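Asks: Sending over data.txt (compact mmCIF, C-alpha atoms).
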```txt
# COMPACT_ATOMS: atom_id res chain seq x y z
CA MET T 274 95.88 96.00 112.90
CA TYR T 275 98.02 96.27 116.04
CA HIS T 276 101.02 98.57 116.05
CA CYS T 277 102.90 100.86 118.42
CA CYS T 278 103.14 103.92 116.18
CA GLU T 279 101.57 107.25 117.06
CA SER T 280 98.74 108.30 114.76
CA LYS T 281 99.15 111.68 113.07
CA ILE T 282 97.41 113.87 110.50
CA GLY T 283 99.40 115.69 107.81
CA PRO T 284 97.42 118.10 105.63
CA SER T 285 98.61 118.37 102.03
CA VAL T 286 99.12 121.99 101.03
CA LEU T 287 98.19 121.32 97.40
CA ASP T 288 94.60 122.06 98.34
CA CYS T 289 95.28 125.28 100.23
CA ASP T 290 95.49 128.86 98.98
CA MET T 291 99.05 128.70 97.71
CA ALA T 292 99.29 132.49 97.53
CA ALA T 293 99.07 132.47 101.33
CA LEU T 294 101.04 129.30 102.01
CA ALA T 295 102.50 130.23 105.40
CA SER T 296 99.16 131.44 106.72
CA GLU T 297 97.38 128.35 105.43
CA VAL T 298 99.92 126.09 107.12
CA LYS T 299 99.61 127.95 110.41
CA ARG T 300 95.82 127.68 110.14
CA VAL T 301 95.80 123.88 110.09
CA LEU T 302 98.50 123.68 112.75
CA ASP T 303 96.37 125.84 115.01
CA CYS T 304 93.54 123.37 114.44
CA GLY T 305 95.63 120.39 115.51
CA ALA T 306 97.54 119.12 112.46
CA ASP T 307 100.62 117.12 113.46
CA TYR T 308 102.80 117.72 110.42
CA ILE T 309 102.69 119.23 106.93
CA HIS T 310 102.80 117.19 103.72
CA LEU T 311 104.58 119.03 100.91
CA ASP T 312 104.14 117.63 97.39
CA VAL T 313 107.03 118.55 95.12
CA MET T 314 106.03 117.92 91.48
CA ASP T 315 108.46 118.36 88.59
CA GLY T 316 106.21 118.08 85.54
CA HIS T 317 107.99 114.87 84.51
CA PHE T 318 107.32 112.15 87.06
CA VAL T 319 103.81 113.58 87.23
CA PRO T 320 102.23 116.03 84.75
CA LYS T 321 101.83 118.92 87.16
CA ILE T 322 104.39 121.34 88.57
CA SER T 323 103.98 122.55 92.15
CA PHE T 324 106.96 124.09 93.96
CA GLY T 325 110.54 123.25 94.84
CA PRO T 326 113.02 123.17 97.72
CA TYR T 327 113.38 126.96 97.94
CA VAL T 328 109.69 127.42 98.75
CA ILE T 329 110.02 124.77 101.47
CA GLU T 330 113.07 126.56 102.86
CA CYS T 331 111.11 129.83 102.96
CA LEU T 332 108.16 128.15 104.65
CA ARG T 333 110.45 126.80 107.35
CA ARG T 334 111.15 130.36 108.53
CA HIS T 335 107.46 130.75 109.40
CA VAL T 336 107.02 127.38 111.16
CA PRO T 337 110.46 126.51 112.60
CA ASP T 338 109.31 123.62 114.79
CA THR T 339 106.86 121.83 112.50
CA PRO T 340 107.66 118.43 110.96
CA PHE T 341 107.66 118.46 107.16
CA ASP T 342 107.12 115.45 104.94
CA CYS T 343 108.58 116.39 101.55
CA HIS T 344 106.96 114.06 99.02
CA MET T 345 109.22 114.17 96.00
CA MET T 346 107.12 113.32 92.96
CA THR T 347 110.16 113.88 90.77
CA SER T 348 111.95 111.83 88.12
CA GLU T 349 115.36 112.47 89.66
CA PRO T 350 114.93 112.77 93.43
CA GLU T 351 118.66 112.45 93.95
CA LYS T 352 119.12 115.96 92.54
CA TRP T 353 117.13 117.70 95.27
CA VAL T 354 118.43 116.10 98.46
CA VAL T 355 120.98 118.77 99.38
CA GLU T 356 118.72 121.71 98.54
CA THR T 357 115.77 120.26 100.45
CA ALA T 358 117.97 119.62 103.47
CA LYS T 359 118.30 123.39 103.89
CA ALA T 360 114.71 123.40 105.18
CA GLN T 361 115.46 121.16 108.16
CA GLY T 362 115.38 123.96 110.68
CA LYS T 363 117.38 124.14 113.88
CA LYS T 364 116.03 120.92 115.40
CA GLY T 365 116.86 117.47 114.13
CA GLY T 366 114.25 115.04 112.86
CA LEU T 367 111.85 117.64 111.47
CA LEU T 368 112.19 116.78 107.79
CA THR T 369 111.36 113.54 106.00
CA TYR T 370 112.54 113.22 102.40
CA THR T 371 110.10 110.85 100.70
CA PHE T 372 110.92 109.67 97.20
CA HIS T 373 109.31 107.24 94.79
CA LEU T 374 110.81 103.84 94.25
CA GLU T 375 109.63 103.98 90.64
CA ALA T 376 112.01 106.90 90.01
CA THR T 377 115.12 105.16 91.33
CA GLU T 378 114.81 101.38 91.19
CA PRO T 379 114.90 101.11 87.37
CA ARG T 380 118.18 103.06 87.44
CA GLY T 381 119.61 101.01 90.30
CA ILE T 382 120.16 104.01 92.59
CA THR T 383 117.61 103.47 95.36
CA GLN T 384 120.31 102.60 97.87
CA GLU T 385 122.37 105.60 96.79
CA VAL T 386 119.45 107.96 97.40
CA ILE T 387 118.72 106.44 100.81
CA ASP T 388 122.36 106.91 101.80
CA SER T 389 122.36 110.50 100.54
CA ILE T 390 119.26 111.41 102.53
CA LYS T 391 120.78 110.01 105.70
CA ALA T 392 124.08 111.77 105.03
CA ASN T 393 122.13 115.03 104.93
CA ASN T 394 120.51 114.31 108.30
CA MET T 395 116.97 113.81 107.05
CA LYS T 396 114.56 110.97 107.69
CA VAL T 397 114.01 108.57 104.81
CA GLY T 398 110.56 108.04 103.33
CA LEU T 399 110.00 105.57 100.51
CA SER T 400 106.84 105.64 98.41
CA ILE T 401 105.22 103.23 95.99
CA SER T 402 102.45 103.91 93.48
CA PRO T 403 99.41 101.61 93.17
CA ALA T 404 100.88 99.55 90.32
CA THR T 405 104.13 98.78 92.18
CA PRO T 406 104.30 95.51 94.15
CA VAL T 407 104.80 96.05 97.86
CA GLU T 408 107.63 93.50 97.88
CA THR T 409 109.87 96.00 96.09
CA LEU T 410 109.53 98.35 99.05
CA LEU T 411 109.97 95.67 101.70
CA LYS T 412 113.55 94.94 100.70
CA TYR T 413 114.48 98.48 101.82
CA ALA T 414 112.16 98.68 104.82
CA ASP T 415 114.93 98.07 107.37
CA GLN T 416 116.65 101.26 106.19
CA ILE T 417 113.76 103.71 106.05
CA ASP T 418 111.83 105.75 108.61
CA MET T 419 108.52 105.77 106.78
CA ALA T 420 106.71 103.85 104.04
CA LEU T 421 104.22 105.77 101.91
CA ILE T 422 101.52 103.69 100.23
CA MET T 423 99.83 105.77 97.55
CA THR T 424 96.07 105.25 97.47
CA VAL T 425 95.64 107.06 94.15
CA VAL T 426 97.80 107.23 91.03
CA PRO T 427 100.21 110.16 91.55
CA GLY T 428 99.48 113.25 89.52
CA LYS T 429 96.04 112.32 88.24
CA GLY T 430 93.08 114.30 89.52
CA GLY T 431 89.55 113.22 90.31
CA GLN T 432 90.45 109.85 91.80
CA SER T 433 88.84 108.02 94.67
CA PHE T 434 90.55 106.22 97.54
CA MET T 435 91.79 102.80 96.37
CA GLU T 436 90.71 100.50 99.16
CA ASP T 437 92.58 97.54 97.66
CA MET T 438 95.84 99.33 98.53
CA MET T 439 95.08 98.47 102.16
CA ASP T 440 96.42 94.99 101.46
CA LYS T 441 99.83 96.61 100.98
CA VAL T 442 99.45 98.52 104.23
CA ARG T 443 98.57 95.32 106.08
CA THR T 444 101.55 93.52 104.55
CA VAL T 445 104.01 96.22 105.63
CA ARG T 446 102.44 96.56 109.08
CA LYS T 447 102.60 92.83 109.74
CA ALA T 448 106.28 92.72 108.82
CA TYR T 449 107.21 96.02 110.52
CA PRO T 450 104.96 96.81 113.51
CA ASN T 451 107.12 99.78 114.54
CA LEU T 452 107.48 101.46 111.14
CA ASP T 453 105.59 104.64 110.29
CA ILE T 454 103.19 103.90 107.43
CA GLU T 455 101.61 106.77 105.54
CA VAL T 456 98.70 106.77 103.11
CA ASP T 457 98.09 109.53 100.59
CA GLY T 458 95.25 110.01 98.13
CA GLY T 459 91.51 110.26 98.57
CA VAL T 460 91.72 110.00 102.35
CA LYS T 461 88.74 111.80 103.87
CA PRO T 462 86.44 111.32 106.87
CA ALA T 463 84.64 108.53 104.99
CA THR T 464 87.83 106.55 104.28
CA ILE T 465 90.22 107.33 107.11
CA ASP T 466 88.93 104.48 109.30
CA LYS T 467 89.75 101.94 106.59
CA ALA T 468 93.33 103.19 106.41
CA ALA T 469 93.75 103.18 110.17
CA ALA T 470 92.26 99.71 110.54
CA ALA T 471 94.74 98.37 107.98
CA GLY T 472 97.64 99.73 110.02
CA ALA T 473 98.41 103.17 108.60
CA ASN T 474 99.33 105.70 111.28
CA LEU T 475 100.24 108.75 109.17
CA ILE T 476 97.27 110.15 107.27
CA VAL T 477 97.69 112.66 104.45
CA SER T 478 94.60 114.61 103.49
CA GLY T 479 94.36 117.63 101.24
CA SER T 480 90.79 118.44 100.31
CA GLY T 481 89.57 116.47 103.32
CA VAL T 482 91.12 119.21 105.47
CA TYR T 483 91.40 122.37 103.40
CA LYS T 484 88.08 121.97 101.63
CA ALA T 485 86.17 121.02 104.77
CA LYS T 486 83.25 123.32 105.57
CA ARG T 487 84.51 123.74 109.10
CA TYR T 488 87.56 122.61 111.03
CA VAL T 489 88.55 123.50 114.56
CA ARG T 490 90.86 122.08 117.19
```
Here is a file; write its structure as structure tokens.

Replies:
Amino acid sequence: MYHCCESKIGPSVLDCDMAALASEVKRVLDCGADYIHLDVMDGHFVPKISFGPYVIECLRRHVPDTPFDCHMMTSEPEKWVVETAKAQGKKGGLLTYTFHLEATEPRGITQEVIDSIKANNMKVGLSISPATPVETLLKYADQIDMALIMTVVPGKGGQSFMEDMMDKVRTVRKAYPNLDIEVDGGVKPATIDKAAAAGANLIVSGSGVYKAKRYVR
């Protein structure tokens, strides 16, 4: 589907050697990655626990000019806005704070979180899980910098790319041809074309990058 947005690849560090996080990030950047996708899991919104804002702040010291997409798979994303903002770096526009609509809309604070992110000089990303209607995201689309359409259920392993989620991508792309649209979950060489054809321009891939037998620039 036609759009004017630049296509980019953002490896997810969940599939890297976390004991060597900075080195693993530099490795994919050297091979051509455009940005880094950082999954923050709190053990509540999803079953697993990953890392928090302090780790992201520490990582920033090693890659000061790299865009970060902080995917907040947390039950209370409003709590981590200020701490995550410390990882912005010296340049503006390098950090996107992406939170789940499912964590805020039932409590009526989605607008509050959007405003808080902007007040802390970060880009706003808004994510929806597979079971969430895309219309709930569209009512905020004029205020966000990026829409994340999950192509797996967050926090559950062993899932395959949900091709039917491409209908959501097409819906958002048709309504907002200049909006960054990201897909996350099961995106690998065999499925990336389907996501791109639907209108996604930001591609998150974890095992598709870090578990590849060989990757070079």

Asks: Mind pulling up the distance from CA of Ser296 (chain T) to CA of Val354 (chain T)?

Replies: 26.0 Å

Asks: Rounded to one decimal in Å, what is the spacing between CA of Met419 (chain T) and CA of Thr339 (chain T)?

Replies: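 Spanning CA of Met419 (chain T) to CA of Thr339 (chain T) is a straight-line distance of 17.1 Å.
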
Asks: Residues near region 366-381 of chain T, anyone? I mean within 6 Å using only C-alpha atoms, not counting same-chain ones fewer than 3 positions away, as a PyMOL selection string.

Replies: chain T and resi 340-345+348+361+395-401

Asks: Can you work out the spacing between CA of Ile282 (chain T) and CA of Ile465 (chain T) in Å, to one decimal?

Replies: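 Taking CA of Ile282 (chain T) as the start and CA of Ile465 (chain T) as the end point, the length is 10.3 Å.
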
Asks: Between T:Met423, T:Val460, T:Leu410, T:Val386, single out the one closest to Thr444 (chain T), counting only C-alpha atoms.

Replies: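 Of all the options, T:Leu410 lies closest to Thr444 (chain T).
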
Asks: Might you pull out every residue within 10 Å of Trp353 (chain T), with all atoms listed in the file counted and same-chain residues fewer than 4 positions away left off, and present them as a list in words?

Replies: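 The contact residues come out as Gly325, Pro326, Met345, Thr347, Glu349, Thr357, Ala358, Tyr370 and Ile390 of chain T.
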
Asks: Keeping only C-alpha atoms, take the residues you just selected and write them out as a short mmCIF file (atom, residue, chain, number, x, y, z; two decimals), in the coordinates of the input.

Replies:
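Generated output (again_11.cif):
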```
data_model
loop_
_atom_site.label_atom_id
_atom_site.label_comp_id
_atom_site.auth_asym_id
_atom_site.auth_seq_id
_atom_site.Cartn_x
_atom_site.Cartn_y
_atom_site.Cartn_z
CA GLY T 325 110.54 123.25 94.84
CA PRO T 326 113.02 123.17 97.72
CA MET T 345 109.22 114.17 96.00
CA THR T 347 110.16 113.88 90.77
CA GLU T 349 115.36 112.47 89.66
CA THR T 357 115.77 120.26 100.45
CA ALA T 358 117.97 119.62 103.47
CA TYR T 370 112.54 113.22 102.40
CA ILE T 390 119.26 111.41 102.53
#
```

Asks: Starting from the structure just given, write a file holding region 351-384 of chain T with N, CA and C atoms, as a JSON list (two decimals), in the first residue's frame.

Replies:
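File written: result.json
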```
[["chain", "number", "residue", "atom", "x", "y", "z"],
["T", 351, "GLU", "N", 2.30, 4.79, 32.78],
["T", 351, "GLU", "CA", 2.43, 6.18, 33.24],
["T", 351, "GLU", "C", 3.50, 6.34, 34.29],
["T", 352, "LYS", "N", 3.84, 5.26, 35.00],
["T", 352, "LYS", "CA", 4.82, 5.33, 36.08],
["T", 352, "LYS", "C", 6.26, 5.47, 35.58],
["T", 353, "TRP", "N", 6.51, 5.10, 34.33],
["T", 353, "TRP", "CA", 7.89, 4.98, 33.86],
["T", 353, "TRP", "C", 8.28, 6.03, 32.84],
["T", 354, "VAL", "N", 7.40, 6.99, 32.61],
["T", 354, "VAL", "CA", 7.68, 8.01, 31.59],
["T", 354, "VAL", "C", 8.91, 8.84, 31.95],
["T", 355, "VAL", "N", 8.94, 9.38, 33.14],
["T", 355, "VAL", "CA", 10.03, 10.28, 33.54],
["T", 355, "VAL", "C", 11.36, 9.54, 33.59],
["T", 356, "GLU", "N", 11.37, 8.34, 34.14],
["T", 356, "GLU", "CA", 12.62, 7.58, 34.23],
["T", 356, "GLU", "C", 13.13, 7.18, 32.86],
["T", 357, "THR", "N", 12.24, 6.79, 31.98],
["T", 357, "THR", "CA", 12.66, 6.39, 30.63],
["T", 357, "THR", "C", 13.19, 7.59, 29.86],
["T", 358, "ALA", "N", 12.65, 8.75, 30.10],
["T", 358, "ALA", "CA", 13.08, 9.96, 29.40],
["T", 358, "ALA", "C", 14.55, 10.28, 29.65],
["T", 359, "LYS", "N", 15.12, 9.74, 30.71],
["T", 359, "LYS", "CA", 16.54, 9.98, 31.00],
["T", 359, "LYS", "C", 17.45, 9.34, 29.95],
["T", 360, "ALA", "N", 16.90, 8.42, 29.16],
["T", 360, "ALA", "CA", 17.70, 7.74, 28.14],
["T", 360, "ALA", "C", 17.59, 8.39, 26.77],
["T", 361, "GLN", "N", 17.11, 9.62, 26.72],
["T", 361, "GLN", "CA", 16.93, 10.29, 25.43],
["T", 361, "GLN", "C", 18.24, 10.59, 24.72],
["T", 362, "GLY", "N", 19.28, 10.85, 25.50],
["T", 362, "GLY", "CA", 20.53, 11.26, 24.88],
["T", 362, "GLY", "C", 20.56, 12.76, 24.66],
["T", 363, "LYS", "N", 21.59, 13.21, 23.98],
["T", 363, "LYS", "CA", 21.78, 14.65, 23.79],
["T", 363, "LYS", "C", 20.98, 15.20, 22.62],
["T", 364, "LYS", "N", 20.60, 14.34, 21.69],
["T", 364, "LYS", "CA", 19.83, 14.79, 20.53],
["T", 364, "LYS", "C", 18.35, 14.55, 20.77],
["T", 365, "GLY", "N", 17.53, 15.39, 20.20],
["T", 365, "GLY", "CA", 16.10, 15.21, 20.31],
["T", 365, "GLY", "C", 15.59, 14.18, 19.31],
["T", 366, "GLY", "N", 14.46, 13.58, 19.62],
["T", 366, "GLY", "CA", 13.81, 12.67, 18.68],
["T", 366, "GLY", "C", 14.39, 11.28, 18.61],
["T", 367, "LEU", "N", 15.23, 10.90, 19.58],
["T", 367, "LEU", "CA", 15.87, 9.59, 19.53],
["T", 367, "LEU", "C", 15.14, 8.52, 20.35],
["T", 368, "LEU", "N", 14.09, 8.92, 21.06],
["T", 368, "LEU", "CA", 13.43, 7.95, 21.92],
["T", 368, "LEU", "C", 11.92, 7.99, 21.71],
["T", 369, "THR", "N", 11.36, 6.84, 21.37],
["T", 369, "THR", "CA", 9.91, 6.69, 21.26],
["T", 369, "THR", "C", 9.42, 5.87, 22.45],
["T", 370, "TYR", "N", 8.43, 6.39, 23.14],
["T", 370, "TYR", "CA", 7.84, 5.71, 24.30],
["T", 370, "TYR", "C", 6.53, 5.10, 23.83],
["T", 371, "THR", "N", 6.54, 3.76, 23.65],
["T", 371, "THR", "CA", 5.39, 3.06, 23.09],
["T", 371, "THR", "C", 4.67, 2.28, 24.18],
["T", 372, "PHE", "N", 3.42, 2.63, 24.41],
["T", 372, "PHE", "CA", 2.67, 1.96, 25.47],
["T", 372, "PHE", "C", 1.42, 1.29, 24.88],
["T", 373, "HIS", "N", 0.87, 0.37, 25.65],
["T", 373, "HIS", "CA", -0.28, -0.39, 25.19],
["T", 373, "HIS", "C", -1.59, 0.28, 25.59],
["T", 374, "LEU", "N", -2.45, 0.40, 24.60],
["T", 374, "LEU", "CA", -3.77, 0.98, 24.84],
["T", 374, "LEU", "C", -4.56, 0.17, 25.86],
["T", 375, "GLU", "N", -4.33, -1.13, 25.87],
["T", 375, "GLU", "CA", -5.05, -2.01, 26.81],
["T", 375, "GLU", "C", -4.71, -1.71, 28.27],
["T", 376, "ALA", "N", -3.56, -1.08, 28.51],
["T", 376, "ALA", "CA", -3.14, -0.77, 29.87],
["T", 376, "ALA", "C", -3.70, 0.56, 30.37],
["T", 377, "THR", "N", -4.16, 1.40, 29.45],
["T", 377, "THR", "CA", -4.59, 2.74, 29.85],
["T", 377, "THR", "C", -6.05, 3.04, 29.56],
["T", 378, "GLU", "N", -6.57, 2.53, 28.46],
["T", 378, "GLU", "CA", -7.93, 2.89, 28.05],
["T", 378, "GLU", "C", -8.99, 2.46, 29.07],
["T", 379, "PRO", "N", -8.89, 1.26, 29.68],
["T", 379, "PRO", "CA", -9.89, 0.89, 30.68],
["T", 379, "PRO", "C", -9.89, 1.81, 31.90],
["T", 380, "ARG", "N", -8.76, 2.47, 32.16],
["T", 380, "ARG", "CA", -8.67, 3.38, 33.30],
["T", 380, "ARG", "C", -8.89, 4.83, 32.90],
["T", 381, "GLY", "N", -9.13, 5.06, 31.61],
["T", 381, "GLY", "CA", -9.43, 6.40, 31.13],
["T", 381, "GLY", "C", -8.27, 7.37, 31.18],
["T", 382, "ILE", "N", -7.03, 6.85, 31.04],
["T", 382, "ILE", "CA", -5.86, 7.73, 31.18],
["T", 382, "ILE", "C", -4.99, 7.76, 29.92],
["T", 383, "THR", "N", -5.50, 7.25, 28.81],
["T", 383, "THR", "CA", -4.69, 7.24, 27.59],
["T", 383, "THR", "C", -4.23, 8.64, 27.21],
["T", 384, "GLN", "N", -5.14, 9.59, 27.24],
["T", 384, "GLN", "CA", -4.78, 10.96, 26.89],
["T", 384, "GLN", "C", -3.74, 11.52, 27.86]]
```
